[in-house]
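Asks: Can you read through this structure? Questions will come right after.
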Amino acid sequence: MITAYVALGSNLNTPSKQLNSALKAIENLPQTRFIAVSSFYQSKPLGPQDQPDYVNAVAKIETALSPLSLLDELQRIENEQGRVRLRRWGERTLDLDILLYGNEIIQNERLIIPHYDMYNREFVIIPLMEIEPDFIFPDGKKLAELALNFIHHSMKKI
């Protein structure tokens, strides 16, 4: 089993319910065991500001699924929950991203792990810090040091 971390986000169709439904679906994935989830956080959109705030969280799982199989399953969950993607960095019913998959570094046309911009996203770093405060990334960076960039974060727990 490999430990993986998945970011969850939604800002449409009752976002907290979307995240709870996604967590239940992740828990029921084959060859996968749910370990932990952060609190839910409300955050401003990364892209266009003329959209609702997001609800974000990070889940820790153990899985025997390959990275691409896990991606396929997460995209299936997004689609089953009526994923809507109207514009780049726009509003979404559900967004599930694999942040980390063990210590693997993956770069192909479908998947980049570690997630390409996670170090700069407070809605990833703060929830991850909540469940893994001593985490060290595959490149040796310490989560606690990255979290200092967001010491005065604008998100609130909900």
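In the structure tokens, the first chain shown is A, the next is B, and so on; residue numbers restart at 1 for each chain, and ligands run from 1 in the order shown.
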Mind dumping a table of every segment 63-141 of chain A residue within 8 Å of segment 16-28 of chain A, with the nearest atom pair and its distance in Å to one decimal, using only C-alpha atoms, sorted by chain and rising number, as CSV?

Replies:
residue,atom,partner,partner_atom,distance
A:Leu74,CA,A:Ile26,CA,7.6
A:Ile77,CA,A:Ala22,CA,6.7
A:Glu78,CA,A:Ala22,CA,7.8
A:Gln81,CA,A:Gln18,CA,7.4
A:Thr93,CA,A:Gln18,CA,7.2
A:Leu94,CA,A:Gln18,CA,6.6

Asks: Let me see the file: selected residues, all heavy atoms, as a compact mmCIF listing (two decimals), in the first residue's frame.

Replies:
# COMPACT_ATOMS: atom_id res chain seq x y z
N LEU A 74 -10.60 9.03 -9.29
CA LEU A 74 -10.95 10.36 -8.80
C LEU A 74 -11.73 11.14 -9.85
O LEU A 74 -12.70 11.84 -9.53
CB LEU A 74 -9.70 11.13 -8.36
CG LEU A 74 -8.96 10.54 -7.16
CD1 LEU A 74 -7.70 11.35 -6.88
CD2 LEU A 74 -9.84 10.46 -5.92
N ILE A 77 -15.25 9.93 -9.84
CA ILE A 77 -16.01 10.52 -8.73
C ILE A 77 -16.43 11.94 -9.09
O ILE A 77 -17.58 12.34 -8.87
CB ILE A 77 -15.18 10.49 -7.42
CG1 ILE A 77 -14.98 9.05 -6.96
CG2 ILE A 77 -15.86 11.33 -6.34
CD1 ILE A 77 -13.93 8.89 -5.86
N GLU A 78 -15.50 12.72 -9.65
CA GLU A 78 -15.84 14.09 -10.06
C GLU A 78 -17.02 14.07 -11.03
O GLU A 78 -17.98 14.84 -10.87
CB GLU A 78 -14.64 14.75 -10.76
CG GLU A 78 -13.50 15.12 -9.86
CD GLU A 78 -12.32 15.67 -10.64
OE1 GLU A 78 -12.19 15.40 -11.86
OE2 GLU A 78 -11.51 16.38 -10.01
N GLN A 81 -20.40 13.19 -9.55
CA GLN A 81 -20.95 14.28 -8.75
C GLN A 81 -21.25 15.51 -9.61
O GLN A 81 -21.45 16.60 -9.08
CB GLN A 81 -20.01 14.62 -7.60
CG GLN A 81 -20.01 13.53 -6.54
CD GLN A 81 -19.29 13.90 -5.27
OE1 GLN A 81 -18.65 13.05 -4.67
NE2 GLN A 81 -19.38 15.15 -4.83
N THR A 93 -18.00 22.14 -9.35
CA THR A 93 -18.80 21.33 -8.45
C THR A 93 -17.87 20.52 -7.56
O THR A 93 -18.10 20.40 -6.36
CB THR A 93 -19.71 20.38 -9.26
OG1 THR A 93 -20.45 21.15 -10.18
CG2 THR A 93 -20.63 19.61 -8.36
N LEU A 94 -16.81 19.96 -8.17
CA LEU A 94 -15.86 19.15 -7.40
C LEU A 94 -14.54 19.09 -8.15
O LEU A 94 -14.51 18.92 -9.37
CB LEU A 94 -16.41 17.72 -7.22
CG LEU A 94 -15.54 16.77 -6.39
CD1 LEU A 94 -15.38 17.28 -4.95
CD2 LEU A 94 -16.14 15.37 -6.39

Asks: Using only C-alpha atoms, determine which residues lie at most 6 Å from Asp53 of chain A, disregarding the query and same-chain residues fewer than 6 positions distant; provide the list as a ChimeraX atom specification.

Replies: /A:11,43-45

Asks: Compile a residue-level contact table for segment 27-51 of chain A against segment 139-158 of chain A at a cut-off of 10 Å, reporting for every qualifying residue the shortest atom pair and its distance in Å to one decimal, with only C-alpha atoms counted, rows ordered by chain and ascending number, as a Markdown table.

Replies:
| residue | atom | partner | partner_atom | distance |
| --- | --- | --- | --- | --- |
| A:Ser38 | CA | A:Lys157 | CA | 9.8 |
| A:Ser39 | CA | A:Lys157 | CA | 6.5 |
| A:Phe40 | CA | A:Ile158 | CA | 5.6 |
| A:Tyr41 | CA | A:Lys157 | CA | 4.4 |
| A:Gln42 | CA | A:Lys156 | CA | 5.4 |
| A:Ser43 | CA | A:Met155 | CA | 4.9 |
| A:Lys44 | CA | A:Met155 | CA | 7.6 |

Asks: As a ChimeraX atom specification, please: every residue in chain A that a backbone DSSP assignment puts in alpha helix (DSSP H).

Replies: /A:15-27,67-80,122-131,143-147

Asks: Pick out the closest residue to Pro30 of chain A from this set: A:Leu86, A:Leu70, A:Leu111, A:Leu99. Count only C-alpha atoms.

Replies: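 Closest residue, counting only C-alpha atoms: A:Leu70.
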
Asks: Mind checking which residues fall within 12 Å of Ser69 of chain A, counting only C-alpha atoms, ignoring those fewer than 3 positions away in the same chain, and posting them as JSON, numbers by chain?

Replies: {"A": [29, 30, 31, 32, 63, 64, 65, 66, 72, 73, 74, 75, 76, 98, 101, 110, 111]}

Asks: Keeping only all heavy atoms, write those residues as a CSV table (one decimal), in the first residue's frame.

Replies:
chain,number,residue,atom,x,y,z
A,29,LEU,N,-13.3,3.3,-2.6
A,29,LEU,CA,-12.5,2.9,-3.7
A,29,LEU,C,-11.9,1.5,-3.5
A,29,LEU,O,-11.5,1.2,-2.4
A,29,LEU,CB,-11.4,3.9,-4.0
A,29,LEU,CG,-11.8,5.2,-4.5
A,29,LEU,CD1,-10.5,6.1,-4.7
A,29,LEU,CD2,-12.5,5.1,-5.9
A,30,PRO,N,-11.7,0.7,-4.5
A,30,PRO,CA,-11.1,-0.6,-4.4
A,30,PRO,C,-9.6,-0.5,-4.0
A,30,PRO,O,-9.0,0.5,-4.4
A,30,PRO,CB,-11.2,-1.2,-5.8
A,30,PRO,CG,-11.4,-0.1,-6.7
A,30,PRO,CD,-12.1,1.0,-5.9
A,31,GLN,N,-9.2,-1.4,-3.2
A,31,GLN,CA,-7.8,-1.5,-2.7
A,31,GLN,C,-7.3,-0.2,-2.1
A,31,GLN,O,-6.1,0.2,-2.2
A,31,GLN,CB,-6.9,-1.8,-3.9
A,31,GLN,CG,-7.3,-3.1,-4.7
A,31,GLN,CD,-6.4,-3.2,-5.9
A,31,GLN,OE1,-5.2,-3.2,-5.9
A,31,GLN,NE2,-7.1,-3.4,-7.1
A,32,THR,N,-8.2,0.5,-1.4
A,32,THR,CA,-7.9,1.8,-0.9
A,32,THR,C,-8.5,1.9,0.6
A,32,THR,O,-9.6,1.4,0.8
A,32,THR,CB,-8.5,3.0,-1.7
A,32,THR,OG1,-7.9,2.9,-3.0
A,32,THR,CG2,-8.2,4.3,-1.2
A,63,THR,N,-3.3,3.2,-0.6
A,63,THR,CA,-3.9,2.6,-1.8
A,63,THR,C,-3.0,1.6,-2.5
A,63,THR,O,-1.8,1.9,-2.5
A,63,THR,CB,-4.5,3.6,-2.8
A,63,THR,OG1,-5.2,3.0,-3.8
A,63,THR,CG2,-3.4,4.5,-3.4
A,64,ALA,N,-3.5,0.6,-3.1
A,64,ALA,CA,-2.7,-0.3,-3.9
A,64,ALA,C,-3.0,0.1,-5.4
A,64,ALA,O,-2.4,-0.6,-6.3
A,64,ALA,CB,-3.1,-1.7,-3.7
A,65,LEU,N,-3.8,1.0,-5.7
A,65,LEU,CA,-4.1,1.5,-7.0
A,65,LEU,C,-2.8,2.2,-7.6
A,65,LEU,O,-2.1,2.9,-6.8
A,65,LEU,CB,-5.2,2.5,-7.1
A,65,LEU,CG,-6.6,1.9,-6.7
A,65,LEU,CD1,-7.6,3.0,-6.7
A,65,LEU,CD2,-7.1,0.8,-7.7
A,66,SER,N,-2.5,2.0,-8.8
A,66,SER,CA,-1.4,2.8,-9.5
A,66,SER,C,-1.8,4.3,-9.5
A,66,SER,O,-3.0,4.6,-9.4
A,66,SER,CB,-1.2,2.3,-10.9
A,66,SER,OG,-2.3,2.7,-11.7
A,72,ASP,N,-7.9,8.0,-12.5
A,72,ASP,CA,-9.1,7.6,-13.2
A,72,ASP,C,-10.3,7.5,-12.2
A,72,ASP,O,-11.4,7.9,-12.5
A,72,ASP,CB,-8.9,6.2,-13.9
A,72,ASP,CG,-8.0,6.3,-15.1
A,72,ASP,OD1,-7.8,7.4,-15.6
A,72,ASP,OD2,-7.5,5.2,-15.5
A,73,GLU,N,-10.0,6.9,-11.1
A,73,GLU,CA,-11.1,6.8,-10.0
A,73,GLU,C,-11.6,8.1,-9.5
A,73,GLU,O,-12.8,8.4,-9.3
A,73,GLU,CB,-10.7,5.9,-8.9
A,73,GLU,CG,-10.5,4.4,-9.3
A,73,GLU,CD,-11.8,3.7,-9.5
A,73,GLU,OE1,-12.9,4.2,-9.1
A,73,GLU,OE2,-11.8,2.7,-10.1
A,74,LEU,N,-10.6,9.0,-9.3
A,74,LEU,CA,-11.0,10.4,-8.8
A,74,LEU,C,-11.7,11.1,-9.9
A,74,LEU,O,-12.7,11.8,-9.5
A,74,LEU,CB,-9.7,11.1,-8.4
A,74,LEU,CG,-9.0,10.5,-7.2
A,74,LEU,CD1,-7.7,11.4,-6.9
A,74,LEU,CD2,-9.8,10.5,-5.9
A,75,GLN,N,-11.3,11.0,-11.1
A,75,GLN,CA,-12.1,11.7,-12.2
A,75,GLN,C,-13.5,11.1,-12.3
A,75,GLN,O,-14.4,11.8,-12.6
A,75,GLN,CB,-11.3,11.6,-13.5
A,75,GLN,CG,-10.1,12.5,-13.5
A,75,GLN,CD,-9.2,12.4,-14.7
A,75,GLN,OE1,-9.3,11.4,-15.5
A,75,GLN,NE2,-8.4,13.4,-14.9
A,76,ARG,N,-13.6,9.8,-12.1
A,76,ARG,CA,-14.9,9.2,-12.1
A,76,ARG,C,-15.8,9.8,-11.0
A,76,ARG,O,-17.0,10.1,-11.3
A,76,ARG,CB,-14.8,7.6,-12.0
A,76,ARG,CG,-16.2,6.9,-11.9
A,76,ARG,CD,-16.0,5.4,-11.6
A,76,ARG,NE,-15.3,5.1,-10.4
A,76,ARG,CZ,-15.9,5.3,-9.1
A,76,ARG,NH1,-17.1,5.7,-9.0
A,76,ARG,NH2,-15.2,5.0,-8.1
A,98,ILE,N,-4.6,14.6,-7.0
A,98,ILE,CA,-3.6,13.9,-6.3
A,98,ILE,C,-2.4,14.8,-6.0
A,98,ILE,O,-1.8,15.3,-7.0
A,98,ILE,CB,-3.1,12.6,-7.1
A,98,ILE,CG1,-4.2,11.7,-7.5
A,98,ILE,CG2,-2.0,11.9,-6.3
A,98,ILE,CD1,-3.9,10.6,-8.4
A,101,TYR,N,2.0,10.9,-4.1
A,101,TYR,CA,1.8,9.5,-4.2
A,101,TYR,C,3.1,8.8,-3.7
A,101,TYR,O,4.0,8.7,-4.5
A,101,TYR,CB,1.4,9.1,-5.6
A,101,TYR,CG,1.1,7.6,-5.8
A,101,TYR,CD1,-0.2,7.1,-5.7
A,101,TYR,CD2,2.1,6.7,-6.1
A,101,TYR,CE1,-0.5,5.8,-5.8
A,101,TYR,CE2,1.8,5.3,-6.2
A,101,TYR,CZ,0.5,4.9,-6.1
A,101,TYR,OH,0.2,3.6,-6.3
A,110,ARG,N,-0.8,13.2,-18.4
A,110,ARG,CA,-2.0,13.1,-17.6
A,110,ARG,C,-1.8,13.5,-16.1
A,110,ARG,O,-2.7,13.8,-15.4
A,110,ARG,CB,-2.6,11.7,-17.6
A,110,ARG,CG,-3.2,11.4,-18.9
A,110,ARG,CD,-4.1,10.2,-18.9
A,110,ARG,NE,-5.2,10.3,-17.9
A,110,ARG,CZ,-5.7,9.4,-17.2
A,110,ARG,NH1,-5.3,8.1,-17.3
A,110,ARG,NH2,-6.8,9.6,-16.4
A,111,LEU,N,-0.6,13.4,-15.6
A,111,LEU,CA,-0.4,13.5,-14.2
A,111,LEU,C,1.0,14.0,-13.8
A,111,LEU,O,2.0,13.6,-14.4
A,111,LEU,CB,-0.5,12.1,-13.6
A,111,LEU,CG,-0.6,12.0,-12.1
A,111,LEU,CD1,-1.7,12.8,-11.5
A,111,LEU,CD2,-0.8,10.5,-11.7

Asks: Excluding same-chain residues fewer than 2 positions from Ile105 of chain A, what lies within 10 Å of it counting only C-alpha atoms, as a ChimeraX atom specification?

Replies: /A:100-103,107,111-115,138-139

Asks: Write the residues of the selection above to a file with C-alpha atoms, as a CSV table (one decimal), in the first residue's frame.

Replies:
chain,number,residue,atom,x,y,z
A,100,LEU,CA,1.5,13.2,-3.5
A,101,TYR,CA,1.8,9.5,-4.2
A,102,GLY,CA,4.4,8.0,-1.8
A,103,ASN,CA,7.7,9.5,-2.6
A,107,GLN,CA,5.6,13.7,-15.0
A,111,LEU,CA,-0.4,13.5,-14.2
A,112,ILE,CA,2.3,15.6,-12.4
A,113,ILE,CA,3.2,14.4,-8.9
A,114,PRO,CA,4.0,16.2,-6.6
A,115,HIS,CA,1.2,18.5,-7.7
A,138,PRO,CA,10.2,14.0,-1.8
A,139,ASP,CA,12.5,16.9,-2.6
